[in-house]
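> Sharing a structure, written as C-alpha cells. Questions coming.
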Amino acid sequence: MPVYEYKCKKCGEFFERIETVSEHDPAKARCPECKSKRVERRWSPVFAVTSKKS
Ligand SMILES: [Zn+2]
C-alpha cells in the first residue's frame, strides 16, 4: 500500500499515513501531535518497502 507522508503546518510534525488509493483523502489527514488538519502532503506516494536496515 502506498505511504503518504505529511507535514503539519501548525506544529511542523511529520507523519505518515498508509492509505489505499480509494481511501486517500488529504482532508482526513490529521496531525497526530496537535490534531490539526492543516497538513500538507510532502511526497508523492511511495510503496512501503523494507527500508529499515538492521
Ligand atoms: Zn501538528
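Numbering starts fresh at 1 for the residues of each chain in the C-alpha cells, the chains themselves are lettered A, B, ... in the order given, and ligands are numbered from 1 as they appear.
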Could you give me, as a tab-separated table, a per-residue list for chain A showing, wherever an atom lies at most 9 Å from an atom of ligand 1, the closest pair of atoms and their distance in Å to one decimal, using only C-alpha atoms and all ligand atoms and sorting by chain then residue number from low to high?

```
residue	atom	partner	partner_atom_place_in_ligand_line	distance
A:Lys7	CA	ligand 1	1 (Zn)	7.9
A:Cys8	CA	ligand 1	1 (Zn)	4.7
A:Lys9	CA	ligand 1	1 (Zn)	6.7
A:Lys10	CA	ligand 1	1 (Zn)	5.0
A:Cys11	CA	ligand 1	1 (Zn)	4.1
A:Gly12	CA	ligand 1	1 (Zn)	5.9
A:Glu13	CA	ligand 1	1 (Zn)	5.3
A:Phe14	CA	ligand 1	1 (Zn)	8.2
A:Arg30	CA	ligand 1	1 (Zn)	7.8
A:Cys31	CA	ligand 1	1 (Zn)	4.6
A:Pro32	CA	ligand 1	1 (Zn)	6.6
A:Glu33	CA	ligand 1	1 (Zn)	5.0
A:Cys34	CA	ligand 1	1 (Zn)	4.2
A:Lys35	CA	ligand 1	1 (Zn)	6.0
A:Ser36	CA	ligand 1	1 (Zn)	5.3
A:Lys37	CA	ligand 1	1 (Zn)	8.0
A:Arg38	CA	ligand 1	1 (Zn)	7.8
A:Val39	CA	ligand 1	1 (Zn)	7.7
```
> With all heavy atoms retained, write the just-selected residues as a CSV table (one decimal), in the first residue's frame.

```csv
chain,number,residue,atom,x,y,z
A,7,LYS,N,3.2,16.7,6.4
A,7,LYS,CA,3.8,17.6,7.3
A,7,LYS,C,2.7,18.5,7.9
A,7,LYS,O,1.9,19.1,7.1
A,7,LYS,CB,4.9,18.5,6.7
A,7,LYS,CG,5.5,19.5,7.6
A,7,LYS,CD,6.5,20.4,7.0
A,7,LYS,CE,7.1,21.4,8.0
A,7,LYS,NZ,8.0,22.3,7.3
A,8,CYS,N,2.7,18.6,9.2
A,8,CYS,CA,1.7,19.5,9.8
A,8,CYS,C,2.2,21.0,9.7
A,8,CYS,O,3.3,21.3,10.0
A,8,CYS,CB,1.6,19.1,11.3
A,8,CYS,SG,0.5,20.3,12.2
A,9,LYS,N,1.3,21.8,9.2
A,9,LYS,CA,1.7,23.2,9.0
A,9,LYS,C,1.6,23.9,10.4
A,9,LYS,O,2.1,25.0,10.5
A,9,LYS,CB,0.7,23.9,8.1
A,9,LYS,CG,0.9,23.4,6.6
A,9,LYS,CD,-0.1,24.2,5.7
A,9,LYS,CE,0.1,23.7,4.3
A,9,LYS,NZ,-0.8,24.5,3.4
A,10,LYS,N,1.0,23.4,11.3
A,10,LYS,CA,0.8,24.1,12.6
A,10,LYS,C,2.0,23.8,13.5
A,10,LYS,O,2.6,24.8,14.1
A,10,LYS,CB,-0.4,23.6,13.3
A,10,LYS,CG,-0.8,24.4,14.5
A,10,LYS,CD,-2.2,24.0,15.0
A,10,LYS,CE,-2.5,24.8,16.3
A,10,LYS,NZ,-3.8,24.3,16.8
A,11,CYS,N,2.4,22.6,13.7
A,11,CYS,CA,3.5,22.3,14.7
A,11,CYS,C,4.7,21.7,14.0
A,11,CYS,O,5.7,21.5,14.6
A,11,CYS,CB,3.0,21.4,15.8
A,11,CYS,SG,2.8,19.7,15.2
A,12,GLY,N,4.6,21.5,12.7
A,12,GLY,CA,5.8,21.0,12.0
A,12,GLY,C,6.1,19.5,12.1
A,12,GLY,O,7.1,19.0,11.6
A,13,GLU,N,5.2,18.8,12.7
A,13,GLU,CA,5.3,17.4,12.8
A,13,GLU,C,5.2,16.7,11.5
A,13,GLU,O,4.4,17.0,10.6
A,13,GLU,CB,4.2,16.8,13.7
A,13,GLU,CG,4.2,15.4,14.0
A,13,GLU,CD,5.3,14.9,14.9
A,13,GLU,OE1,6.0,15.8,15.5
A,13,GLU,OE2,5.5,13.7,15.1
A,14,PHE,N,6.1,15.7,11.3
A,14,PHE,CA,6.0,14.9,10.1
A,14,PHE,C,5.3,13.6,10.5
A,14,PHE,O,5.6,13.0,11.6
A,14,PHE,CB,7.4,14.5,9.5
A,14,PHE,CG,8.1,15.7,8.9
A,14,PHE,CD1,9.1,16.4,9.6
A,14,PHE,CD2,7.7,16.2,7.7
A,14,PHE,CE1,9.7,17.5,9.0
A,14,PHE,CE2,8.3,17.3,7.1
A,14,PHE,CZ,9.3,17.9,7.8
A,30,ARG,N,-4.8,14.0,9.7
A,30,ARG,CA,-4.7,14.9,10.9
A,30,ARG,C,-3.4,14.7,11.5
A,30,ARG,O,-2.8,13.6,11.6
A,30,ARG,CB,-5.8,14.5,11.9
A,30,ARG,CG,-7.1,15.1,11.7
A,30,ARG,CD,-7.9,14.9,12.9
A,30,ARG,NE,-9.2,15.7,12.9
A,30,ARG,CZ,-9.9,16.0,14.0
A,30,ARG,NH1,-9.5,15.5,15.2
A,30,ARG,NH2,-10.9,16.7,13.9
A,31,CYS,N,-2.8,15.7,12.0
A,31,CYS,CA,-1.6,15.6,12.8
A,31,CYS,C,-1.8,14.8,14.0
A,31,CYS,O,-2.7,15.1,14.8
A,31,CYS,CB,-1.1,17.1,13.1
A,31,CYS,SG,0.3,17.1,14.2
A,32,PRO,N,-0.9,13.9,14.3
A,32,PRO,CA,-1.1,13.0,15.5
A,32,PRO,C,-0.7,13.8,16.7
A,32,PRO,O,-1.0,13.4,17.8
A,32,PRO,CB,-0.2,11.9,15.2
A,32,PRO,CG,0.8,12.4,14.3
A,32,PRO,CD,0.1,13.4,13.4
A,33,GLU,N,0.0,14.9,16.6
A,33,GLU,CA,0.5,15.6,17.7
A,33,GLU,C,-0.5,16.7,18.2
A,33,GLU,O,-0.9,16.7,19.3
A,33,GLU,CB,1.8,16.3,17.4
A,33,GLU,CG,3.0,15.4,17.3
A,33,GLU,CD,3.3,14.8,18.6
A,33,GLU,OE1,3.4,15.5,19.6
A,33,GLU,OE2,3.5,13.5,18.6
A,34,CYS,N,-0.9,17.5,17.3
A,34,CYS,CA,-1.8,18.6,17.7
A,34,CYS,C,-3.2,18.5,17.1
A,34,CYS,O,-4.0,19.4,17.4
A,34,CYS,CB,-1.1,19.9,17.3
A,34,CYS,SG,-1.1,20.2,15.5
A,35,LYS,N,-3.4,17.4,16.4
A,35,LYS,CA,-4.7,17.1,15.8
A,35,LYS,C,-5.2,18.1,14.8
A,35,LYS,O,-6.3,18.2,14.4
A,35,LYS,CB,-5.8,17.0,16.9
A,35,LYS,CG,-5.4,16.2,18.1
A,35,LYS,CD,-5.1,14.8,17.7
A,35,LYS,CE,-4.8,13.9,18.9
A,35,LYS,NZ,-4.2,12.6,18.6
A,36,SER,N,-4.2,18.9,14.3
A,36,SER,CA,-4.6,19.9,13.3
A,36,SER,C,-4.8,19.2,12.0
A,36,SER,O,-4.2,18.2,11.6
A,36,SER,CB,-3.4,20.9,13.1
A,36,SER,OG,-3.7,21.8,12.0
A,37,LYS,N,-5.7,19.8,11.3
A,37,LYS,CA,-6.0,19.3,9.9
A,37,LYS,C,-5.2,20.1,8.9
A,37,LYS,O,-5.3,19.8,7.7
A,37,LYS,CB,-7.5,19.4,9.6
A,37,LYS,CG,-8.3,18.4,10.3
A,37,LYS,CD,-9.8,18.6,9.9
A,37,LYS,CE,-10.7,17.6,10.7
A,37,LYS,NZ,-12.1,17.8,10.4
A,38,ARG,N,-4.5,21.0,9.3
A,38,ARG,CA,-3.7,21.8,8.4
A,38,ARG,C,-2.4,21.1,8.1
A,38,ARG,O,-1.3,21.4,8.6
A,38,ARG,CB,-3.4,23.2,9.0
A,38,ARG,CG,-4.6,24.0,9.2
A,38,ARG,CD,-4.3,25.4,9.6
A,38,ARG,NE,-3.4,26.0,8.6
A,38,ARG,CZ,-2.5,27.1,8.9
A,38,ARG,NH1,-2.5,27.6,10.1
A,38,ARG,NH2,-1.7,27.5,8.0
A,39,VAL,N,-2.5,20.1,7.3
A,39,VAL,CA,-1.3,19.3,6.9
A,39,VAL,C,-1.2,19.4,5.4
A,39,VAL,O,-2.1,19.6,4.6
A,39,VAL,CB,-1.5,17.9,7.3
A,39,VAL,CG1,-1.6,17.8,8.9
A,39,VAL,CG2,-2.7,17.2,6.7
```
> Hey, can you check how far atom CA of A:Arg17 sits from atom CA of A:Glu5?
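Distance reported for this atom pair: 6.3 Å.
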> Quick one: residues within 7 Å of A:Glu16, only C-alpha atoms counted, chain neighbours fewer than 3 positions away excluded, as a list in words?
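Counting only C-alpha atoms, the residues come to Val3, Tyr4, Glu5 and Tyr6 of chain A.
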